[in-house]
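Note sheet for the following structure.
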Amino acid sequence: MSTTTVETSAAVTDQDSAATPPRKARRRGEHGLAASLTSHGILIVASLIAFFPVAWLIYLSLGPDKDDYLHPGGIWGKMSFSNYSFVLQHTEFFDWLKSSLIVSLGTTVIGVLIAATTGYAVSRMRFPGYKKFMWVLLVTQMFPVAVLMVPMYQILSDLQLIDSYLGLVLVYCSTAVPYCAWLLKGYFDTIPFEIDEAGRVDGLTPFGTFARLILPLAKPGLAVAAFYSFLTAFGEVAFASTFMLSDTQYTFAVGLQTFVSEHDAQRNLMAATAVLIAIPVSVFFYLVQKNLVTGLTAGGTKG
């Protein structure tokens with residue numbers, strides 16, 4: 001009697017197990033539905049918050065009157081692109097564009113070249129004072145712009161580089177190179193030393209090894225350094241407004257100030273110009289974005 005009961009209970013248990021599908025084990029790092037929805041919701045809200053100032057600027061740029069920013073609700077019924085046509089046809093916009101591109105691209109090329117060679121030398125070579133040298137570069141970033149303005153103006157005046165693109169490029173390189181050198185030094189540390197040894201075995205000089213073997217592997221780090229150097233030169237105001245005296249050689253950041261004076265403020269034209277200014281930066285970001293994220297994270301660890 002008892003044997004029959006036990007066998008029956010076991011059969012019922014086996015049938016229940018067969019009817020209930022096995023629960024899928026959650027992998028490590030895998031989130032549940034609630035956690036996934038929460039994280040996506042937070043990211044969407046954060047994205048909207050980040051995009052709102054840009055959207056608001058574009059909206060204000062479509063208001064035809066200079067006082068439309070005081071009552072933005074009225075812009076919706078009279079949107080136009082008149083501000084953009086005025087900026088492109090009746091201002092020095094294209095001169096500002098030329099100046100900004102010359103200064104920004106010049107700073108990017110010269111600054112990244114100097115920073116890359118500096119970072120590689122400190123990463124691979126053990127010369128006297130190489131550690132102190134990197135700390136000296138870091139200390140140069142501690143001085144405020146107001147302190148550097150007068151000595152830099154005097155130096156550029158002695159070199160006859162006031163109101164010249166080269167002088168402004170050199171000034172911006174003094175800001176971009178120290179940070180980029182630290183960034184690239186950390187990235188070069190992640191590249192195995194065996195690659196340098198293989199280059200020497202093949203008969204390459206130290207510079208040949210650097211140019212032909214190391215630089216192709218350091219593209220993500222170079223992309224970050226280039227993007228930082230470009231933005232540093234593209235959006236800077238203090239040095240550009242002090243060292244560039246001709247209105248045809250103003251950069252975008254300085255040209256924007258011409259729309260606001262003591263007695264007038266054409267904020268609609270300023271908004272339209274700001275939207276147009278964002279286009280070159282967006283194009284440059286698109287060109288380097290494939291390597292940007294990798295370069296930002298790769299230099300954080302060694303090995």
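Chain labels A, B, ... are given in the sequence in which chains occur in the structure tokens; within each chain residues are numbered consecutively from 1, and ligands are likewise numbered from 1 in the order shown.
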Go through region 145-195 of chain A residue by residue and, counting only C-alpha atoms, keep those with an atom at most 9 Å from region 247-261 of chain A; for each kept residue give the shortest atom pair and its distance in Å to one decimal, ordered by chain and increasing number, as a tab-separated table.
```
residue	atom	partner	partner_atom	distance
A:Asp163	CA	A:Gln249	CA	7.8
A:Ser164	CA	A:Gln249	CA	8.2
A:Tyr165	CA	A:Gln249	CA	8.2
```
Practice prompt. For Ala115 (chain A), list every protein, DNA or RNA residue within 10 Å, evaluated using only C-alpha atoms, and leave out those in the same chain fewer than 2 positions away; present the list as a VMD selection string.
Written response: chain A and resid 110 to 113 117 to 121 173 176 to 185 222 225
Go ahead and save the residues from that selection, with N, CA and C atoms, as a JSON list (two decimals), in the first residue's frame.
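Dumped to selection.json:
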```json
[["chain", "number", "residue", "atom", "x", "y", "z"],
["A", 110, "ILE", "N", 50.05, 71.00, -35.39],
["A", 110, "ILE", "CA", 51.29, 71.28, -34.66],
["A", 110, "ILE", "C", 51.22, 70.76, -33.22],
["A", 111, "GLY", "N", 50.08, 70.99, -32.57],
["A", 111, "GLY", "CA", 49.95, 70.56, -31.18],
["A", 111, "GLY", "C", 50.00, 69.05, -31.02],
["A", 112, "VAL", "N", 49.30, 68.33, -31.87],
["A", 112, "VAL", "CA", 49.30, 66.86, -31.76],
["A", 112, "VAL", "C", 50.67, 66.29, -32.11],
["A", 113, "LEU", "N", 51.36, 66.89, -33.08],
["A", 113, "LEU", "CA", 52.70, 66.42, -33.43],
["A", 113, "LEU", "C", 53.68, 66.59, -32.26],
["A", 117, "THR", "N", 55.18, 63.32, -30.00],
["A", 117, "THR", "CA", 56.61, 63.05, -29.82],
["A", 117, "THR", "C", 57.02, 63.18, -28.36],
["A", 118, "THR", "N", 56.43, 64.15, -27.65],
["A", 118, "THR", "CA", 56.74, 64.31, -26.22],
["A", 118, "THR", "C", 56.26, 63.10, -25.42],
["A", 119, "GLY", "N", 55.01, 62.70, -25.64],
["A", 119, "GLY", "CA", 54.47, 61.55, -24.92],
["A", 119, "GLY", "C", 55.22, 60.27, -25.22],
["A", 120, "TYR", "N", 55.62, 60.07, -26.45],
["A", 120, "TYR", "CA", 56.36, 58.87, -26.82],
["A", 120, "TYR", "C", 57.75, 58.86, -26.18],
["A", 121, "ALA", "N", 58.42, 60.02, -26.17],
["A", 121, "ALA", "CA", 59.75, 60.09, -25.57],
["A", 121, "ALA", "C", 59.70, 59.77, -24.08],
["A", 173, "CYS", "N", 48.79, 76.28, -28.79],
["A", 173, "CYS", "CA", 49.59, 75.06, -28.57],
["A", 173, "CYS", "C", 50.13, 75.01, -27.14],
["A", 176, "ALA", "N", 47.21, 73.43, -25.37],
["A", 176, "ALA", "CA", 46.79, 72.10, -25.77],
["A", 176, "ALA", "C", 47.87, 71.04, -25.58],
["A", 177, "VAL", "N", 49.13, 71.40, -25.80],
["A", 177, "VAL", "CA", 50.21, 70.40, -25.78],
["A", 177, "VAL", "C", 50.37, 69.72, -24.42],
["A", 178, "PRO", "N", 50.40, 70.44, -23.28],
["A", 178, "PRO", "CA", 50.59, 69.74, -22.00],
["A", 178, "PRO", "C", 49.54, 68.67, -21.74],
["A", 179, "TYR", "N", 48.27, 68.99, -21.94],
["A", 179, "TYR", "CA", 47.22, 67.99, -21.71],
["A", 179, "TYR", "C", 47.35, 66.82, -22.68],
["A", 180, "CYS", "N", 47.56, 67.12, -23.96],
["A", 180, "CYS", "CA", 47.65, 66.06, -24.97],
["A", 180, "CYS", "C", 48.89, 65.19, -24.74],
["A", 181, "ALA", "N", 49.97, 65.78, -24.25],
["A", 181, "ALA", "CA", 51.17, 64.99, -23.97],
["A", 181, "ALA", "C", 50.90, 63.97, -22.86],
["A", 182, "TRP", "N", 50.20, 64.40, -21.81],
["A", 182, "TRP", "CA", 49.82, 63.46, -20.74],
["A", 182, "TRP", "C", 48.89, 62.39, -21.28],
["A", 183, "LEU", "N", 47.94, 62.78, -22.08],
["A", 183, "LEU", "CA", 46.99, 61.82, -22.64],
["A", 183, "LEU", "C", 47.70, 60.78, -23.50],
["A", 184, "LEU", "N", 48.55, 61.22, -24.40],
["A", 184, "LEU", "CA", 49.22, 60.29, -25.32],
["A", 184, "LEU", "C", 50.28, 59.48, -24.61],
["A", 185, "LYS", "N", 50.91, 60.03, -23.59],
["A", 185, "LYS", "CA", 51.87, 59.24, -22.81],
["A", 185, "LYS", "C", 51.18, 58.04, -22.19],
["A", 222, "LEU", "N", 45.33, 59.57, -30.69],
["A", 222, "LEU", "CA", 45.56, 60.76, -31.52],
["A", 222, "LEU", "C", 44.26, 61.45, -31.86],
["A", 225, "ALA", "N", 43.29, 63.55, -28.85],
["A", 225, "ALA", "CA", 44.16, 64.72, -28.76],
["A", 225, "ALA", "C", 43.81, 65.74, -29.85]]
```
Fill in: Nearest-residue call for Lys66 (chain A), choices A:Asn268, A:Thr273, A:Asn83, A:Gln141, using only C-alpha atoms
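The closest residue to Lys66 (chain A) is A:Asn268.
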Worksheet item: What lies within 8 Å of Arg200 (chain A) using only C-alpha atoms, ignoring chain neighbours under 5 positions off, as a PyMOL selection string?
Response: chain A and resi 205-206+209
Go ahead and write the residues just picked, C-alpha atoms, as a compact mmCIF listing (two decimals), in the first residue's frame.
```
# COMPACT_ATOMS: atom_id res chain seq x y z
CA THR A 205 65.57 54.30 -36.28
CA PRO A 206 63.71 55.41 -33.12
CA THR A 209 59.70 53.04 -35.26
```
Item to complete: Enter the distance from CA of Thr175 (chain A) to CA of Ala50 (chain A), in Å, rounded to one decimal.
Response: 27.2 Å
Worksheet item: What does the distance between CA of Tyr153 (chain A) and CA of Pro280 (chain A) come to in Å, to one decimal place?
Response: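 Atom-to-atom, CA of Tyr153 (chain A) and CA of Pro280 (chain A) are spaced 28.8 Å apart.
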Worksheet item: If you measure from CA of His40 (chain A) to CA of Ser282 (chain A), what distance in Å do you get, rounded to one decimal?
Response: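 Computed distance, CA of His40 (chain A) to CA of Ser282 (chain A), equals 25.2 Å.
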List the neighbours of Ile75 (chain A) out to 10 Å using only C-alpha atoms; skip same-chain residues closer than 2 positions along the sequence, and give me the result as an mmCIF file with N, CA and C atoms, in the first residue's frame.
```
data_model
loop_
_atom_site.group_PDB
_atom_site.id
_atom_site.type_symbol
_atom_site.label_atom_id
_atom_site.label_comp_id
_atom_site.auth_asym_id
_atom_site.auth_seq_id
_atom_site.Cartn_x
_atom_site.Cartn_y
_atom_site.Cartn_z
ATOM 1 N N TYR A 59 15.660 77.297 -32.142
ATOM 2 C CA TYR A 59 14.339 77.937 -32.154
ATOM 3 C C TYR A 59 14.463 79.455 -32.107
ATOM 4 N N LEU A 60 15.333 79.975 -31.253
ATOM 5 C CA LEU A 60 15.511 81.422 -31.164
ATOM 6 C C LEU A 60 16.125 81.997 -32.436
ATOM 7 N N SER A 61 16.947 81.210 -33.123
ATOM 8 C CA SER A 61 17.569 81.703 -34.346
ATOM 9 C C SER A 61 16.565 81.897 -35.472
ATOM 10 N N LEU A 62 15.386 81.314 -35.349
ATOM 11 C CA LEU A 62 14.352 81.461 -36.376
ATOM 12 C C LEU A 62 13.460 82.664 -36.142
ATOM 13 N N GLY A 63 13.650 83.379 -35.049
ATOM 14 C CA GLY A 63 12.882 84.598 -34.791
ATOM 15 C C GLY A 63 13.458 85.775 -35.556
ATOM 16 N N PRO A 64 12.696 86.459 -36.382
ATOM 17 C CA PRO A 64 13.249 87.506 -37.247
ATOM 18 C C PRO A 64 13.623 88.799 -36.526
ATOM 19 N N ASP A 65 13.068 89.036 -35.336
ATOM 20 C CA ASP A 65 13.323 90.282 -34.624
ATOM 21 C C ASP A 65 14.348 90.067 -33.518
ATOM 22 N N ASP A 68 12.933 89.008 -30.012
ATOM 23 C CA ASP A 68 12.060 87.835 -29.929
ATOM 24 C C ASP A 68 12.427 86.927 -28.759
ATOM 25 N N TYR A 69 13.678 86.994 -28.307
ATOM 26 C CA TYR A 69 14.067 86.133 -27.185
ATOM 27 C C TYR A 69 13.344 86.526 -25.897
ATOM 28 N N HIS A 71 10.095 87.282 -25.747
ATOM 29 C CA HIS A 71 8.776 86.642 -25.807
ATOM 30 C C HIS A 71 8.856 85.519 -26.842
ATOM 31 N N PRO A 72 9.481 84.413 -26.490
ATOM 32 C CA PRO A 72 9.727 83.331 -27.463
ATOM 33 C C PRO A 72 8.463 82.669 -27.989
ATOM 34 N N GLY A 73 7.365 82.808 -27.258
ATOM 35 C CA GLY A 73 6.134 82.182 -27.732
ATOM 36 C C GLY A 73 5.659 82.732 -29.059
ATOM 37 N N GLY A 77 4.764 81.639 -34.818
ATOM 38 C CA GLY A 77 3.911 82.079 -35.910
ATOM 39 C C GLY A 77 4.615 82.874 -36.994
ATOM 40 N N LYS A 78 5.882 83.212 -36.805
ATOM 41 C CA LYS A 78 6.602 84.025 -37.805
ATOM 42 C C LYS A 78 8.025 83.517 -38.044
ATOM 43 N N MET A 79 8.212 82.210 -37.968
ATOM 44 C CA MET A 79 9.539 81.639 -38.202
ATOM 45 C C MET A 79 10.033 81.963 -39.611
ATOM 46 N N SER A 80 11.329 82.239 -39.710
ATOM 47 C CA SER A 80 11.934 82.479 -41.023
ATOM 48 C C SER A 80 13.437 82.226 -40.915
#
```
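For the residues A:Ile277, A:Leu170, A:Ser246, A:Phe143, ranking by smallest atom-to-atom distance to Phe94 (chain A) using only C-alpha atoms places A:Ile277 first.
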